[in-house]
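Inspection log for the structure reproduced underneath, given as structure tokens.
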Amino acid sequence: MESGIPLQLHDTLWLGAQLEYLRWIGSTEEPNKGQVSEVMNSIEKKLKVRSGNPVLIQQISRYRDGSESDLENIGEKAITWMNLLTQELKNQKSIPVSDIGVLDIESLVDSPESLVSPKVWRWLDQKPQNDIAESCRSLAVECPTASVMLSLRAVEHCLRRWYEQENQPLDRGGWGQVLDQLMEEHASEENRNDTVLAQLSHLPPVLSNLYYLKEKRNEVNHPEKSPTIQEAWRTLVVVSSTISDIYEESYTIELDDEVEVDPQDMDIVPQIGRDSMNKEELVFTIIRNAAMYTGESVSRDTIFEISEKLGLSEDEIEVILDSLLMSGRMYEPRANEIRPI
């Protein structure tokens, strides 16, 4: 396809009407060569201005210039040209994707999961996955308000999931209530009476980002404020980063003296103590050291038994095992057995 302005909807309708007229005029007993030439000339001009199929343009030009001795087959030619045009339109997006110069929006429309790592995307529920995908599509067609609201809804879902992991399930609690609770839990005693900005400087970056996004949502909720396309893509970037941070926070386990671990389990995971450890790394360490200890593959039952003693739920372990298998860090030599790579 030649470079130029893409065919628009009204162009397609007009071209279809002209080609249908040529098909009809070919069915008459005596086609008017002057009328046929005029219509074909108009079609050729339109295709040259737009991103027209070069094969179609060449065929129409050759036919119009008199390389055909008569007009008996103009109807058949019109059908052929319709098919060529149809094939071209199948390969063209019905709505041209906006080019905002920073994000590859066209790629994001096709693969919204590329905004985060595969393990984070698999961790997301269907609702936030759909919201992120719709946010990318809204950004592509220059609907920034819709894009911002959808991306913020996705991160709010993750925020609630993070909160409910350590607290009671929320019935109606809003973003502000959940964030205030998390900020209070992470704030030190000496900083609790500080201003919000002062508190944020001492909190994990994920909470600072969530506070920024909450303020962004409050702005967009007011009809006087409409985000620009640049604000929309910036919000999408911050949201994707924050969701990844929430995933890491959700999958960090704080082990204390109340966790009962058998001596054999301590040998399998010797570094367990009061330090924080990413849950995925914890499970992988269990598998790796158990395999070294036994010299064989590790059964799923053993992995679940040890991991559950260390505070992980069955659902968490299952998600982590899927992530480790998909990332190629381990494989299943036999059913229900796992070996690290």
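Every chain in the structure tokens takes a letter, A first, then B, and so on in the order presented; its residues are numbered from 1, and the ligands are numbered from 1 following the presented order.
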
>> as a PyMOL selection string, please: the residues near Glu156 (chain A) (cut-off 10 Å, only C-alpha atoms, same-chain neighbours under 3 positions excluded).
In response: chain A and resi 128+150-153+159-162+174-175+178-179+210+213-214+239+243

Once you count only C-alpha atoms, what closest atom pair and distance in Å to one decimal does each residue of region 94-167 of chain A within 12 Å of region 320-323 of chain A have, with rows by chain and rising residue number, as a Markdown table?
```
| residue | atom | partner | partner_atom | distance |
| --- | --- | --- | --- | --- |
| A:Ser117 | CA | A:Ser323 | CA | 10.6 |
| A:Pro118 | CA | A:Ser323 | CA | 8.0 |
| A:Lys119 | CA | A:Ser323 | CA | 5.6 |
| A:Val120 | CA | A:Ser323 | CA | 9.1 |
| A:Trp121 | CA | A:Ser323 | CA | 10.3 |
| A:Arg122 | CA | A:Ser323 | CA | 7.9 |
| A:Trp123 | CA | A:Ser323 | CA | 9.0 |
```

Any chance you can output those residues with C-alpha atoms as a compact mmCIF listing (two decimals), in the first residue's frame?
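Result file follows (part-v8.txt):
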```txt
# COMPACT_ATOMS: atom_id res chain seq x y z
CA SER A 117 5.13 -8.65 33.42
CA PRO A 118 3.46 -11.99 32.54
CA LYS A 119 3.28 -13.06 36.19
CA VAL A 120 1.52 -9.80 37.16
CA TRP A 121 -0.96 -10.12 34.29
CA ARG A 122 -1.79 -13.69 35.32
CA TRP A 123 -2.28 -12.50 38.90
```

>> Can you tell me which residues surround Leu22 (chain A) at a distance of at most 8 Å, considering only C-alpha atoms, apart from same-chain residues fewer than 5 positions away, and format the answer as number ranges by chain?
In response: A: 36, 39, 74-75, 78

Go ahead and write the selection's residues with N, CA and C atoms as a PDB file, in the first residue's frame.
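Result file follows (again_34.pdb):
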```pdb
ATOM      1  N   VAL A  36     -18.368   5.821 -18.368  1.00  0.00           N
ATOM      2  CA  VAL A  36     -17.470   4.869 -17.727  1.00  0.00           C
ATOM      3  C   VAL A  36     -16.111   5.519 -17.454  1.00  0.00           C
ATOM      4  N   VAL A  39     -16.306   8.063 -14.515  1.00  0.00           N
ATOM      5  CA  VAL A  39     -16.387   7.411 -13.207  1.00  0.00           C
ATOM      6  C   VAL A  39     -15.034   6.827 -12.814  1.00  0.00           C
ATOM      7  N   ILE A  74     -16.829  -4.578 -18.578  1.00  0.00           N
ATOM      8  CA  ILE A  74     -16.662  -3.604 -17.517  1.00  0.00           C
ATOM      9  C   ILE A  74     -17.338  -4.073 -16.226  1.00  0.00           C
ATOM     10  N   GLY A  75     -18.460  -4.796 -16.352  1.00  0.00           N
ATOM     11  CA  GLY A  75     -19.144  -5.320 -15.166  1.00  0.00           C
ATOM     12  C   GLY A  75     -18.291  -6.321 -14.421  1.00  0.00           C
ATOM     13  N   ALA A  78     -15.449  -4.519 -12.719  1.00  0.00           N
ATOM     14  CA  ALA A  78     -15.902  -3.813 -11.515  1.00  0.00           C
ATOM     15  C   ALA A  78     -15.964  -4.763 -10.320  1.00  0.00           C
TER      16      ALA A  78
END
```

Which residues, written as a CSV table (one decimal) with all heavy atoms, in the first residue's frame, have at least one atom at most 9 Å from Asn336 (chain A), with only C-alpha atoms counted and residues fewer than 3 positions away on the same chain left out?
```csv
chain,number,residue,atom,x,y,z
A,298,VAL,N,10.6,-32.8,43.4
A,298,VAL,CA,9.9,-32.5,44.6
A,298,VAL,C,8.4,-32.6,44.3
A,298,VAL,O,7.9,-32.1,43.3
A,298,VAL,CB,10.1,-31.0,45.1
A,298,VAL,CG1,9.4,-30.8,46.4
A,298,VAL,CG2,11.6,-30.8,45.2
A,299,SER,N,7.7,-33.3,45.1
A,299,SER,CA,6.3,-33.5,44.9
A,299,SER,C,5.5,-32.3,45.2
A,299,SER,O,5.9,-31.5,46.1
A,299,SER,CB,5.7,-34.7,45.8
A,299,SER,OG,5.7,-34.3,47.1
A,300,ARG,N,4.4,-32.1,44.5
A,300,ARG,CA,3.5,-30.9,44.8
A,300,ARG,C,3.0,-30.9,46.2
A,300,ARG,O,2.9,-29.9,46.9
A,300,ARG,CB,2.4,-30.9,43.8
A,300,ARG,CG,2.7,-30.3,42.4
A,300,ARG,CD,1.5,-30.3,41.6
A,300,ARG,NE,1.7,-29.6,40.3
A,300,ARG,CZ,1.4,-28.3,40.1
A,300,ARG,NH1,0.9,-27.6,41.1
A,300,ARG,NH2,1.7,-27.7,38.9
A,301,ASP,N,2.7,-32.1,46.8
A,301,ASP,CA,2.2,-32.2,48.1
A,301,ASP,C,3.2,-31.6,49.1
A,301,ASP,O,2.9,-30.9,50.1
A,301,ASP,CB,1.9,-33.6,48.5
A,301,ASP,CG,0.7,-34.1,47.7
A,301,ASP,OD1,-0.1,-33.3,47.2
A,301,ASP,OD2,0.5,-35.4,47.6
A,332,GLU,N,8.0,-30.0,35.0
A,332,GLU,CA,7.4,-31.2,35.6
A,332,GLU,C,7.8,-32.4,34.8
A,332,GLU,O,7.3,-32.7,33.8
A,332,GLU,CB,5.8,-31.0,35.5
A,332,GLU,CG,5.3,-29.9,36.3
A,332,GLU,CD,3.8,-29.8,36.2
A,332,GLU,OE1,3.3,-29.4,35.1
A,332,GLU,OE2,3.1,-30.1,37.2
A,333,PRO,N,8.8,-33.1,35.4
A,333,PRO,CA,9.3,-34.4,34.7
A,333,PRO,C,8.2,-35.5,34.7
A,333,PRO,O,8.2,-36.3,33.8
A,333,PRO,CB,10.5,-34.8,35.6
A,333,PRO,CG,10.3,-34.1,36.9
A,333,PRO,CD,9.5,-32.9,36.6
```

> What is the distance, in Å and to one decimal place, between CA of Leu310 (chain A) and CA of Ser250 (chain A)?
Replying inline: 15.0 Å

> At what distance in Å, to one decimal, does CA of Ser208 (chain A) lie from CA of Asp245 (chain A)?
Replying inline: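 Those two atoms sit 11.2 Å apart.
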
>> Neighbouring residues of Glu44 (chain A) were defined as those with any atom within 7 Å, considering only C-alpha atoms; residues of the same chain fewer than 3 positions away were excluded. Please report them as an MDAnalysis selection string.
In response: chainID A and resid 40:41 47:48 57 60:61

> Which distance in Å separates CA of Ser135 (chain A) and CA of Ile246 (chain A), to one decimal?
Replying inline: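 A separation of 19.3 Å between them.
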
> From the list A:Glu308, A:Cys143, A:Ile303, A:Ile286, which residue is nearest Gln230 (chain A) when using only C-alpha atoms?
Replying inline: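 Nearest to Gln230 (chain A): A:Cys143.
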
>> At a cut-off of 9 Å, using only C-alpha atoms, what residues contact Val109 (chain A)? Leave out same-chain residues fewer than 2 positions from it and give the result as a list in words.
In response: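 Listing them by chain and then by number gives Val97, Asp104, Ile105, Glu106, Ser107, Ser111, Pro112, Ala133, Glu134, Ser135, Cys136, Arg137, Leu139 and Ala140 of chain A.
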
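Nearest residue to Asn218 (chain A), choosing from A:Met149, A:Met183, A:Val155, A:Leu108 and counting only C-alpha atoms: A:Met149.
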
> So which residues touch Arg288 (chain A) within 8 Å, counting only C-alpha atoms, skipping near sequence neighbours fewer than 4 positions away, as a ChimeraX atom specification?
Replying inline: /A:284,292,339-340

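Closest approach to Leu124 (chain A) among A:Val319, A:Leu207, A:Ala290, A:Met82: A:Val319, based on only C-alpha atoms.
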